[in-house]
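S.K.: Dropping in work.pdb, which is PDB, C-alpha atoms, pLDDT in the B column:
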MODEL        1
ATOM      1  CA  MET A   1     -16.031  -3.283 -16.159  1.00 31.00           C
ATOM      2  CA  SER A   2     -16.782  -0.831 -13.398  1.00 35.00           C
ATOM      3  CA  SER A   3     -14.523   2.195 -13.609  1.00 39.00           C
ATOM      4  CA  SER A   4     -15.235   3.328 -10.062  1.00 46.00           C
ATOM      5  CA  ASP A   5     -17.593   2.994  -7.129  1.00 58.00           C
ATOM      6  CA  LEU A   6     -16.909   6.605  -6.139  1.00 61.00           C
ATOM      7  CA  SER A   7     -19.512   9.197  -7.009  1.00 67.00           C
ATOM      8  CA  ILE A   8     -18.632  11.942  -9.465  1.00 67.00           C
ATOM      9  CA  ASP A   9     -18.797  14.448  -6.603  1.00 80.00           C
ATOM     10  CA  GLU A  10     -16.409  12.399  -4.467  1.00 84.00           C
ATOM     11  CA  ARG A  11     -13.889  12.089  -7.284  1.00 80.00           C
ATOM     12  CA  ALA A  12     -14.106  15.807  -8.053  1.00 87.00           C
ATOM     13  CA  ARG A  13     -13.702  16.751  -4.396  1.00 91.00           C
ATOM     14  CA  LEU A  14     -10.672  14.489  -3.960  1.00 90.00           C
ATOM     15  CA  LYS A  15      -8.992  15.855  -7.091  1.00 89.00           C
ATOM     16  CA  ALA A  16      -9.740  19.484  -6.179  1.00 94.00           C
ATOM     17  CA  HIS A  17      -8.422  18.956  -2.640  1.00 95.00           C
ATOM     18  CA  PHE A  18      -4.899  18.417  -3.999  1.00 94.00           C
ATOM     19  CA  SER A  19      -5.053  20.722  -6.991  1.00 92.00           C
ATOM     20  CA  ASP A  20      -2.054  23.100  -7.129  1.00 90.00           C
ATOM     21  CA  VAL A  21      -0.906  21.993  -3.654  1.00 93.00           C
ATOM     22  CA  PRO A  22       2.899  21.721  -3.245  1.00 95.00           C
ATOM     23  CA  ILE A  23       4.081  18.149  -2.657  1.00 93.00           C
ATOM     24  CA  SER A  24       5.550  19.195   0.689  1.00 93.00           C
ATOM     25  CA  GLU A  25       1.991  19.923   1.899  1.00 95.00           C
ATOM     26  CA  HIS A  26       0.323  16.716   0.674  1.00 94.00           C
ATOM     27  CA  GLY A  27       0.719  14.964   4.023  1.00 92.00           C
ATOM     28  CA  ALA A  28      -1.212  17.712   5.765  1.00 93.00           C
ATOM     29  CA  LYS A  29      -3.894  17.586   3.063  1.00 95.00           C
ATOM     30  CA  TRP A  30      -4.402  13.841   3.610  1.00 93.00           C
ATOM     31  CA  ALA A  31      -4.648  14.503   7.343  1.00 93.00           C
ATOM     32  CA  GLU A  32      -7.352  17.087   6.645  1.00 95.00           C
ATOM     33  CA  LEU A  33      -9.477  14.442   4.926  1.00 95.00           C
ATOM     34  CA  TRP A  34      -9.300  12.270   8.027  1.00 92.00           C
ATOM     35  CA  GLU A  35     -10.279  15.244  10.177  1.00 93.00           C
ATOM     36  CA  GLN A  36     -13.248  15.838   7.864  1.00 94.00           C
ATOM     37  CA  ASP A  37     -14.144  12.109   7.895  1.00 92.00           C
ATOM     38  CA  PHE A  38     -14.039  12.153   4.091  1.00 93.00           C
ATOM     39  CA  LEU A  39     -12.712   8.663   3.392  1.00 91.00           C
ATOM     40  CA  PRO A  40     -14.144   7.419   0.079  1.00 88.00           C
ATOM     41  CA  TRP A  41     -11.341   4.854  -0.214  1.00 87.00           C
ATOM     42  CA  ASP A  42     -12.402   3.036   2.984  1.00 90.00           C
ATOM     43  CA  LYS A  43     -14.162  -0.238   2.081  1.00 90.00           C
ATOM     44  CA  GLY A  44     -14.825  -1.470   5.611  1.00 93.00           C
ATOM     45  CA  ALA A  45     -12.984  -4.775   5.183  1.00 95.00           C
ATOM     46  CA  PRO A  46      -9.597  -6.230   4.233  1.00 97.00           C
ATOM     47  CA  SER A  47      -8.759  -6.761   0.592  1.00 97.00           C
ATOM     48  CA  ALA A  48     -10.324  -9.989  -0.654  1.00 97.00           C
ATOM     49  CA  ALA A  49      -7.548 -10.270  -3.230  1.00 98.00           C
ATOM     50  CA  LEU A  50      -4.898 -10.103  -0.504  1.00 98.00           C
ATOM     51  CA  SER A  51      -6.841 -12.510   1.692  1.00 98.00           C
ATOM     52  CA  ASN A  52      -6.998 -15.111  -1.076  1.00 98.00           C
ATOM     53  CA  LEU A  53      -3.330 -14.659  -1.955  1.00 98.00           C
ATOM     54  CA  LEU A  54      -2.166 -15.236   1.618  1.00 98.00           C
ATOM     55  CA  SER A  55      -4.431 -18.227   2.246  1.00 98.00           C
ATOM     56  CA  GLU A  56      -3.542 -19.928  -1.043  1.00 98.00           C
ATOM     57  CA  ARG A  57       0.226 -19.369  -0.816  1.00 98.00           C
ATOM     58  CA  ILE A  58       0.958 -19.849   2.875  1.00 97.00           C
ATOM     59  CA  SER A  59       4.040 -21.990   2.283  1.00 97.00           C
ATOM     60  CA  SER A  60       5.565 -20.138  -0.670  1.00 97.00           C
ATOM     61  CA  LEU A  61       5.245 -16.831   1.193  1.00 98.00           C
ATOM     62  CA  GLY A  62       6.725 -18.290   4.363  1.00 98.00           C
ATOM     63  CA  LEU A  63       3.580 -17.764   6.405  1.00 98.00           C
ATOM     64  CA  ASP A  64       3.789 -21.316   7.719  1.00 97.00           C
ATOM     65  CA  SER A  65       6.728 -20.154   9.857  1.00 97.00           C
ATOM     66  CA  PRO A  66       5.745 -16.614  10.891  1.00 98.00           C
ATOM     67  CA  SER A  67       7.802 -16.341  14.079  1.00 96.00           C
ATOM     68  CA  GLY A  68       9.957 -13.223  14.035  1.00 96.00           C
ATOM     69  CA  LYS A  69       8.544 -11.968  10.740  1.00 98.00           C
ATOM     70  CA  ARG A  70       7.144  -8.487  10.232  1.00 98.00           C
ATOM     71  CA  ALA A  71       4.673  -6.920   7.833  1.00 98.00           C
ATOM     72  CA  LEU A  72       4.181  -3.257   6.949  1.00 98.00           C
ATOM     73  CA  VAL A  73       1.145  -1.626   5.354  1.00 98.00           C
ATOM     74  CA  PRO A  74       1.896   2.017   4.468  1.00 98.00           C
ATOM     75  CA  GLY A  75      -1.211   4.146   4.138  1.00 97.00           C
ATOM     76  CA  CYS A  76      -3.067   1.501   6.154  1.00 97.00           C
ATOM     77  CA  GLY A  77      -6.240   3.483   6.751  1.00 96.00           C
ATOM     78  CA  ARG A  78      -8.378   1.854   9.447  1.00 96.00           C
ATOM     79  CA  GLY A  79      -6.017  -1.099   9.500  1.00 97.00           C
ATOM     80  CA  TYR A  80      -8.033  -3.924   7.946  1.00 97.00           C
ATOM     81  CA  ASP A  81      -5.087  -5.360   5.989  1.00 98.00           C
ATOM     82  CA  VAL A  82      -2.736  -4.981   8.979  1.00 98.00           C
ATOM     83  CA  MET A  83      -5.099  -7.154  11.003  1.00 98.00           C
ATOM     84  CA  LEU A  84      -5.214  -9.685   8.167  1.00 98.00           C
ATOM     85  CA  PHE A  85      -1.427 -10.117   8.252  1.00 98.00           C
ATOM     86  CA  ALA A  86      -1.509 -10.362  12.043  1.00 98.00           C
ATOM     87  CA  SER A  87      -4.012 -13.223  11.827  1.00 97.00           C
ATOM     88  CA  TYR A  88      -1.164 -15.314  10.376  1.00 98.00           C
ATOM     89  CA  GLY A  89       1.043 -14.682  13.406  1.00 97.00           C
ATOM     90  CA  VAL A  90       3.141 -11.991  11.736  1.00 98.00           C
ATOM     91  CA  ASP A  91       4.048  -8.878  13.733  1.00 97.00           C
ATOM     92  CA  SER A  92       2.126  -6.339  11.680  1.00 98.00           C
ATOM     93  CA  TYR A  93       2.475  -2.576  11.468  1.00 98.00           C
ATOM     94  CA  GLY A  94       0.331   0.050   9.822  1.00 98.00           C
ATOM     95  CA  LEU A  95       1.721   3.468   8.909  1.00 98.00           C
ATOM     96  CA  GLU A  96      -0.350   6.611   8.483  1.00 97.00           C
ATOM     97  CA  ILE A  97       0.485  10.293   8.015  1.00 95.00           C
ATOM     98  CA  SER A  98      -2.468  11.407  10.132  1.00 94.00           C
ATOM     99  CA  PRO A  99      -2.824  11.079  13.917  1.00 95.00           C
ATOM    100  CA  GLU A 100      -6.598  10.784  13.426  1.00 94.00           C
ATOM    101  CA  ALA A 101      -6.027   7.820  11.105  1.00 95.00           C
ATOM    102  CA  VAL A 102      -3.870   6.098  13.721  1.00 97.00           C
ATOM    103  CA  GLU A 103      -6.586   6.650  16.339  1.00 96.00           C
ATOM    104  CA  TRP A 104      -9.200   5.178  13.991  1.00 94.00           C
ATOM    105  CA  ALA A 105      -7.022   2.143  13.287  1.00 97.00           C
ATOM    106  CA  GLU A 106      -6.275   1.510  16.950  1.00 97.00           C
ATOM    107  CA  ALA A 107      -9.976   1.743  17.809  1.00 96.00           C
ATOM    108  CA  ASN A 108     -10.862  -0.560  14.933  1.00 95.00           C
ATOM    109  CA  ASN A 109      -8.229  -3.087  16.029  1.00 95.00           C
ATOM    110  CA  LYS A 110      -9.870  -3.434  19.466  1.00 92.00           C
ATOM    111  CA  GLY A 111      -6.685  -4.559  21.160  1.00 88.00           C
ATOM    112  CA  ARG A 112      -5.919  -7.506  18.907  1.00 89.00           C
ATOM    113  CA  MET A 113      -2.433  -8.886  19.448  1.00 92.00           C
ATOM    114  CA  GLY A 114       0.269  -8.483  16.819  1.00 96.00           C
ATOM    115  CA  CYS A 115      -0.856  -5.100  15.441  1.00 97.00           C
ATOM    116  CA  ARG A 116       0.777  -1.714  15.871  1.00 97.00           C
ATOM    117  CA  PHE A 117      -0.134   1.550  14.206  1.00 98.00           C
ATOM    118  CA  LEU A 118       2.421   4.296  13.685  1.00 98.00           C
ATOM    119  CA  GLU A 119       2.166   7.927  12.663  1.00 97.00           C
ATOM    120  CA  GLY A 120       4.828   9.081  10.248  1.00 96.00           C
ATOM    121  CA  ASP A 121       6.014  10.029   6.789  1.00 96.00           C
ATOM    122  CA  PHE A 122       6.808   6.963   4.677  1.00 97.00           C
ATOM    123  CA  TYR A 123       9.859   8.709   3.197  1.00 96.00           C
ATOM    124  CA  LYS A 124      11.397   9.638   6.555  1.00 95.00           C
ATOM    125  CA  ASP A 125      12.949   7.453   9.239  1.00 95.00           C
ATOM    126  CA  ASP A 126      11.362   8.754  12.458  1.00 94.00           C
ATOM    127  CA  TRP A 127       8.701   6.049  12.540  1.00 96.00           C
ATOM    128  CA  LEU A 128      11.320   3.331  11.972  1.00 95.00           C
ATOM    129  CA  LYS A 129      12.813   4.129  15.385  1.00 93.00           C
ATOM    130  CA  GLU A 130       9.496   3.128  16.934  1.00 94.00           C
ATOM    131  CA  ALA A 131       9.054   0.095  14.677  1.00 95.00           C
ATOM    132  CA  GLY A 132      12.498  -1.269  15.498  1.00 89.00           C
ATOM    133  CA  GLU A 133      15.591  -2.188  13.535  1.00 81.00           C
ATOM    134  CA  GLY A 134      15.687  -4.568  10.582  1.00 88.00           C
ATOM    135  CA  GLY A 135      13.967  -4.869   7.239  1.00 94.00           C
ATOM    136  CA  TRP A 136      10.474  -6.045   6.476  1.00 98.00           C
ATOM    137  CA  ASP A 137       9.458  -9.530   5.395  1.00 98.00           C
ATOM    138  CA  TYR A 138       6.238  -8.277   3.833  1.00 98.00           C
ATOM    139  CA  VAL A 139       5.180  -4.862   2.601  1.00 98.00           C
ATOM    140  CA  TYR A 140       1.720  -4.415   1.088  1.00 98.00           C
ATOM    141  CA  ASP A 141       0.724  -1.576  -1.236  1.00 98.00           C
ATOM    142  CA  TYR A 142      -2.828  -1.093  -2.437  1.00 96.00           C
ATOM    143  CA  THR A 143      -4.025   2.503  -2.570  1.00 92.00           C
ATOM    144  CA  PHE A 144      -0.665   3.992  -1.654  1.00 97.00           C
ATOM    145  CA  LEU A 145       1.382   4.362  -4.841  1.00 98.00           C
ATOM    146  CA  CYS A 146      -1.664   5.657  -6.714  1.00 96.00           C
ATOM    147  CA  ALA A 147      -2.031   8.417  -4.119  1.00 94.00           C
ATOM    148  CA  MET A 148       1.460   9.723  -4.865  1.00 94.00           C
ATOM    149  CA  PRO A 149       2.132  12.589  -7.273  1.00 93.00           C
ATOM    150  CA  LEU A 150       3.841  11.161 -10.351  1.00 95.00           C
ATOM    151  CA  VAL A 151       7.203  12.752  -9.530  1.00 95.00           C
ATOM    152  CA  LEU A 152       7.369  10.685  -6.323  1.00 97.00           C
ATOM    153  CA  ARG A 153       7.060   7.313  -8.039  1.00 98.00           C
ATOM    154  CA  PRO A 154      10.824   6.736  -8.343  1.00 98.00           C
ATOM    155  CA  GLU A 155      11.222   7.664  -4.671  1.00 98.00           C
ATOM    156  CA  TRP A 156       8.476   5.183  -3.759  1.00 98.00           C
ATOM    157  CA  ALA A 157      10.375   2.415  -5.563  1.00 98.00           C
ATOM    158  CA  GLU A 158      13.675   3.356  -3.939  1.00 98.00           C
ATOM    159  CA  ARG A 159      12.073   3.446  -0.508  1.00 98.00           C
ATOM    160  CA  MET A 160      10.602  -0.013  -1.049  1.00 98.00           C
ATOM    161  CA  LYS A 161      14.088  -1.292  -1.888  1.00 97.00           C
ATOM    162  CA  GLN A 162      15.343   0.154   1.385  1.00 97.00           C
ATOM    163  CA  LEU A 163      12.547  -1.359   3.478  1.00 98.00           C
ATOM    164  CA  VAL A 164      12.067  -4.890   2.104  1.00 98.00           C
ATOM    165  CA  LYS A 165      14.600  -7.497   3.246  1.00 97.00           C
ATOM    166  CA  PRO A 166      17.098  -8.384   0.467  1.00 97.00           C
ATOM    167  CA  GLY A 167      16.828 -11.954  -0.770  1.00 97.00           C
ATOM    168  CA  THR A 168      13.833 -13.015   1.319  1.00 97.00           C
ATOM    169  CA  GLY A 169      11.375 -10.136   1.633  1.00 98.00           C
ATOM    170  CA  PHE A 170       8.218  -9.687  -0.419  1.00 98.00           C
ATOM    171  CA  LEU A 171       6.513  -6.577  -1.747  1.00 98.00           C
ATOM    172  CA  ILE A 172       2.874  -7.350  -2.506  1.00 98.00           C
ATOM    173  CA  CYS A 173       1.097  -4.890  -4.801  1.00 98.00           C
ATOM    174  CA  LEU A 174      -2.578  -4.866  -5.616  1.00 98.00           C
ATOM    175  CA  GLU A 175      -2.243  -2.920  -8.860  1.00 98.00           C
ATOM    176  CA  PHE A 176      -4.829  -0.131  -8.921  1.00 97.00           C
ATOM    177  CA  PRO A 177      -6.337   1.810 -10.663  1.00 96.00           C
ATOM    178  CA  LEU A 178      -5.446   0.088 -13.918  1.00 97.00           C
ATOM    179  CA  TYR A 179      -8.733   1.219 -15.465  1.00 94.00           C
ATOM    180  CA  LYS A 180      -7.862   4.906 -15.152  1.00 93.00           C
ATOM    181  CA  SER A 181      -5.996   7.043 -17.673  1.00 91.00           C
ATOM    182  CA  LEU A 182      -3.348   9.420 -16.397  1.00 87.00           C
ATOM    183  CA  ASP A 183      -5.120  12.138 -18.370  1.00 89.00           C
ATOM    184  CA  LEU A 184      -7.899  12.072 -15.770  1.00 89.00           C
ATOM    185  CA  GLY A 185      -5.552  13.262 -13.040  1.00 89.00           C
ATOM    186  CA  GLY A 186      -5.617  12.206  -9.443  1.00 91.00           C
ATOM    187  CA  PRO A 187      -5.455  11.095  -6.779  1.00 94.00           C
ATOM    188  CA  PRO A 188      -5.865   8.265  -7.327  1.00 92.00           C
ATOM    189  CA  TRP A 189      -3.503   8.471 -10.291  1.00 94.00           C
ATOM    190  CA  GLY A 190      -3.832   5.942 -13.094  1.00 95.00           C
ATOM    191  CA  LEU A 191      -1.358   3.072 -13.202  1.00 97.00           C
ATOM    192  CA  THR A 192      -0.429   0.179 -15.463  1.00 97.00           C
ATOM    193  CA  SER A 193       1.364  -3.100 -14.829  1.00 98.00           C
ATOM    194  CA  LYS A 194       4.180  -1.772 -17.006  1.00 98.00           C
ATOM    195  CA  VAL A 195       4.691   1.171 -14.646  1.00 98.00           C
ATOM    196  CA  TYR A 196       5.145  -1.225 -11.721  1.00 98.00           C
ATOM    197  CA  GLU A 197       7.665  -3.215 -13.787  1.00 98.00           C
ATOM    198  CA  GLU A 198       9.632  -0.107 -14.719  1.00 98.00           C
ATOM    199  CA  LEU A 199       9.747   1.035 -11.098  1.00 98.00           C
ATOM    200  CA  LEU A 200      10.584  -2.261  -9.427  1.00 98.00           C
ATOM    201  CA  SER A 201      12.453  -4.561 -11.813  1.00 97.00           C
ATOM    202  CA  ASP A 202      15.953  -3.407 -10.891  1.00 96.00           C
ATOM    203  CA  GLY A 203      15.509  -4.229  -7.208  1.00 97.00           C
ATOM    204  CA  PHE A 204      12.850  -6.935  -7.238  1.00 98.00           C
ATOM    205  CA  GLU A 205      11.884 -10.072  -9.144  1.00 98.00           C
ATOM    206  CA  ARG A 206       8.191 -10.513  -9.897  1.00 98.00           C
ATOM    207  CA  ILE A 207       7.234 -14.082  -8.980  1.00 98.00           C
ATOM    208  CA  VAL A 208       3.430 -13.839  -9.029  1.00 98.00           C
ATOM    209  CA  HIS A 209       1.139 -11.789 -11.279  1.00 98.00           C
ATOM    210  CA  TYR A 210      -2.529 -12.520 -11.952  1.00 98.00           C
ATOM    211  CA  LYS A 211      -6.021 -11.061 -12.035  1.00 98.00           C
ATOM    212  CA  PRO A 212      -7.703 -11.959  -8.716  1.00 98.00           C
ATOM    213  CA  GLU A 213     -11.118 -13.586  -8.681  1.00 97.00           C
ATOM    214  CA  ARG A 214     -12.169 -11.375  -5.789  1.00 97.00           C
ATOM    215  CA  THR A 215     -11.259  -7.765  -5.122  1.00 96.00           C
ATOM    216  CA  HIS A 216     -12.949  -4.562  -3.985  1.00 93.00           C
ATOM    217  CA  LYS A 217     -15.768  -3.530  -6.300  1.00 92.00           C
ATOM    218  CA  ILE A 218     -13.878  -0.509  -7.608  1.00 91.00           C
ATOM    219  CA  GLY A 219     -11.231  -2.765  -9.164  1.00 93.00           C
ATOM    220  CA  GLU A 220     -13.390  -5.649 -10.384  1.00 95.00           C
ATOM    221  CA  GLY A 221     -12.307  -6.723 -13.850  1.00 96.00           C
ATOM    222  CA  SER A 222      -9.159  -4.587 -13.874  1.00 97.00           C
ATOM    223  CA  ASP A 223      -7.102  -5.179 -10.723  1.00 98.00           C
ATOM    224  CA  TYR A 224      -4.007  -7.377 -10.816  1.00 98.00           C
ATOM    225  CA  ILE A 225      -2.078  -8.646  -7.830  1.00 98.00           C
ATOM    226  CA  ALA A 226       1.693  -9.049  -7.931  1.00 98.00           C
ATOM    227  CA  VAL A 227       4.272 -10.453  -5.557  1.00 98.00           C
ATOM    228  CA  TRP A 228       7.783  -9.063  -5.913  1.00 98.00           C
ATOM    229  CA  ARG A 229      10.675 -10.785  -4.129  1.00 98.00           C
ATOM    230  CA  ARG A 230      13.521  -8.492  -3.152  1.00 98.00           C
ATOM    231  CA  LYS A 231      16.708  -9.368  -4.992  1.00 97.00           C
ATOM    232  CA  SER A 232      19.654 -10.412  -2.865  1.00 93.00           C
ATOM    233  CA  VAL A 233      22.583  -8.111  -2.267  1.00 75.00           C
ATOM    234  CA  GLU A 234      24.733 -10.483  -4.348  1.00 62.00           C
ATOM    235  CA  SER A 235      22.438 -10.369  -7.363  1.00 63.00           C
ATOM    236  CA  LEU A 236      22.156  -6.594  -7.145  1.00 56.00           C
ATOM    237  CA  GLY A 237      25.925  -6.383  -7.299  1.00 52.00           C
ATOM    238  CA  LYS A 238      25.879  -8.154 -10.666  1.00 51.00           C
ATOM    239  CA  LEU A 239      23.559  -5.647 -12.323  1.00 45.00           C
TER     240      LEU A 239
ENDMDL
END
Write the structure described by the file as structure tokens, please.
M.R.:
Amino acid sequence: MSSSDLSIDERARLKAHFSDVPISEHGAKWAELWEQDFLPWDKGAPSAALSNLLSERISSLGLDSPSGKRALVPGCGRGYDVMLFASYGVDSYGLEISPEAVEWAEANNKGRMGCRFLEGDFYKDDWLKEAGEGGWDYVYDYTFLCAMPLVLRPEWAERMKQLVKPGTGFLICLEFPLYKSLDLGGPPWGLTSKVYEELLSDGFERIVHYKPERTHKIGEGSDYIAVWRRKSVESLGKL
């Protein structure tokens, strides 16, 4: 099992970049990395695990009737996974904290229809005014939760509950990095499937969970992919 395809220097630089930095300044620190073109997480292609999931479960995920549906990829980077959702006819949005990241994504998209890239803080509502009213049918998280300081994990889960449509919406998580112990610090911070369960089970029902045959090299042998369906308002009221 490969523990990482990042060099030791890259991992040390990423960890040091956020060391002793107040959480309120993390957004600016991520933006700095884009300004410096230090993007060791960029793999140059959409997630193979996500690609297989969508193609194999078109009907069960409702992708056979995409009209009016919307997808969100927070921390979208250069937008590869946003473009993948858009290829199914879904109105797809990528969110990034850095204006440079948005510029990169827009350039990478090359004017393809169905994609929009927004600058904003995931935990604030300013970007939602530009995205439009209504919840999301699909939200995809890959290297987003693992980038968060541990104290923000409950807020991440609560925000996902706010964003994903009750009863019909899906949160898709490519669980990463499952190979990494929390003792090693971050970002990326180590995760386990149990952590996802603890964070999401009160607002979501996990309907898919498996180890993908294909994924980025860094997660080969350890990644899992999960699909969480947002519980309906009625079922939440019974908890």
S.K.: Starting from the PyMOL selection byres ((chain A and resi 19-23) around 12), expand the selection into actual residues of this file and give them as a VMD selection string.
M.R.: chain A and resid 12 to 18 24 to 30 147 to 152 185 to 187
S.K.: Filtering to C-alpha atoms, could you give me those residues as a short mmCIF file (atom, residue, chain, number, x, y, z; two decimals), in the coordinates of the input?
M.R.:
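Below you can see selection00.cif, which holds the result:
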data_model
loop_
_atom_site.label_atom_id
_atom_site.label_comp_id
_atom_site.auth_asym_id
_atom_site.auth_seq_id
_atom_site.Cartn_x
_atom_site.Cartn_y
_atom_site.Cartn_z
CA ALA A 12 -14.11 15.81 -8.05
CA ARG A 13 -13.70 16.75 -4.40
CA LEU A 14 -10.67 14.49 -3.96
CA LYS A 15 -8.99 15.86 -7.09
CA ALA A 16 -9.74 19.48 -6.18
CA HIS A 17 -8.42 18.96 -2.64
CA PHE A 18 -4.90 18.42 -4.00
CA SER A 24 5.55 19.20 0.69
CA GLU A 25 1.99 19.92 1.90
CA HIS A 26 0.32 16.72 0.67
CA GLY A 27 0.72 14.96 4.02
CA ALA A 28 -1.21 17.71 5.76
CA LYS A 29 -3.89 17.59 3.06
CA TRP A 30 -4.40 13.84 3.61
CA ALA A 147 -2.03 8.42 -4.12
CA MET A 148 1.46 9.72 -4.86
CA PRO A 149 2.13 12.59 -7.27
CA LEU A 150 3.84 11.16 -10.35
CA VAL A 151 7.20 12.75 -9.53
CA LEU A 152 7.37 10.68 -6.32
CA GLY A 185 -5.55 13.26 -13.04
CA GLY A 186 -5.62 12.21 -9.44
CA PRO A 187 -5.46 11.10 -6.78
#
S.K.: Rounded to one decimal, what separation in Å do you get between CA of Ser232 in chain A and CA of Glu133 in chain A?
M.R.: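 Distance reported for this atom pair: 18.8 Å.
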S.K.: For the structure shown, which residues end up in the PyMOL selection byres ((chain A and resi 98) around 9)? Put them as JSON, numbers by chain, please?
M.R.: {"A": [27, 28, 30, 31, 32, 34, 35, 96, 97, 99, 100, 101, 102, 103, 119, 120]}
S.K.: Could you check how far CA of Pro177 in chain A sits from CA of Cys115 in chain A, in Å to one decimal?
M.R.: 27.6 Å
S.K.: The PyMOL selection byres ((chain A and resi 174) around 9) on the file shown: which residues, as a list in words?
M.R.: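 So the PyMOL selection byres ((chain A and resi 174) around 9) ends up selecting Ser47, Ala49, Leu50, Tyr140, Asp141, Tyr142, Thr143, Ile172, Cys173, Glu175, Phe176, Asp223, Tyr224, Ile225, Ala226 and Val227 of chain A.
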S.K.: Restricting the output to C-alpha atoms, write the selected residues as a PDB file, keeping the file's coordinate frame.
M.R.:
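Result file follows (part_32.pdb):
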ATOM      1  CA  SER A  47      -8.759  -6.761   0.592  1.00 97.00           C
ATOM      2  CA  ALA A  49      -7.548 -10.270  -3.230  1.00 98.00           C
ATOM      3  CA  LEU A  50      -4.898 -10.103  -0.504  1.00 98.00           C
ATOM      4  CA  TYR A 140       1.720  -4.415   1.088  1.00 98.00           C
ATOM      5  CA  ASP A 141       0.724  -1.576  -1.236  1.00 98.00           C
ATOM      6  CA  TYR A 142      -2.828  -1.093  -2.437  1.00 96.00           C
ATOM      7  CA  THR A 143      -4.025   2.503  -2.570  1.00 92.00           C
ATOM      8  CA  ILE A 172       2.874  -7.350  -2.506  1.00 98.00           C
ATOM      9  CA  CYS A 173       1.097  -4.890  -4.801  1.00 98.00           C
ATOM     10  CA  GLU A 175      -2.243  -2.920  -8.860  1.00 98.00           C
ATOM     11  CA  PHE A 176      -4.829  -0.131  -8.921  1.00 97.00           C
ATOM     12  CA  ASP A 223      -7.102  -5.179 -10.723  1.00 98.00           C
ATOM     13  CA  TYR A 224      -4.007  -7.377 -10.816  1.00 98.00           C
ATOM     14  CA  ILE A 225      -2.078  -8.646  -7.830  1.00 98.00           C
ATOM     15  CA  ALA A 226       1.693  -9.049  -7.931  1.00 98.00           C
ATOM     16  CA  VAL A 227       4.272 -10.453  -5.557  1.00 98.00           C
TER      17      VAL A 227
END
S.K.: Using CA of Asn108 in chain A and CA of Met160 in chain A as the two end points, give the distance in Å to one decimal.
M.R.: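 So the answer is 26.8 Å.
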S.K.: Box along x, y and z, 3 Å on every side, all listed atoms of range 114-130 of chain A inside: centre and edge lengths in Å to one decimal, as lines of an AutoDock Vina configuration file.
M.R.:
center_x = 6.0
center_y = 0.8
center_z = 10.1
size_x = 19.8
size_y = 24.5
size_z = 19.7
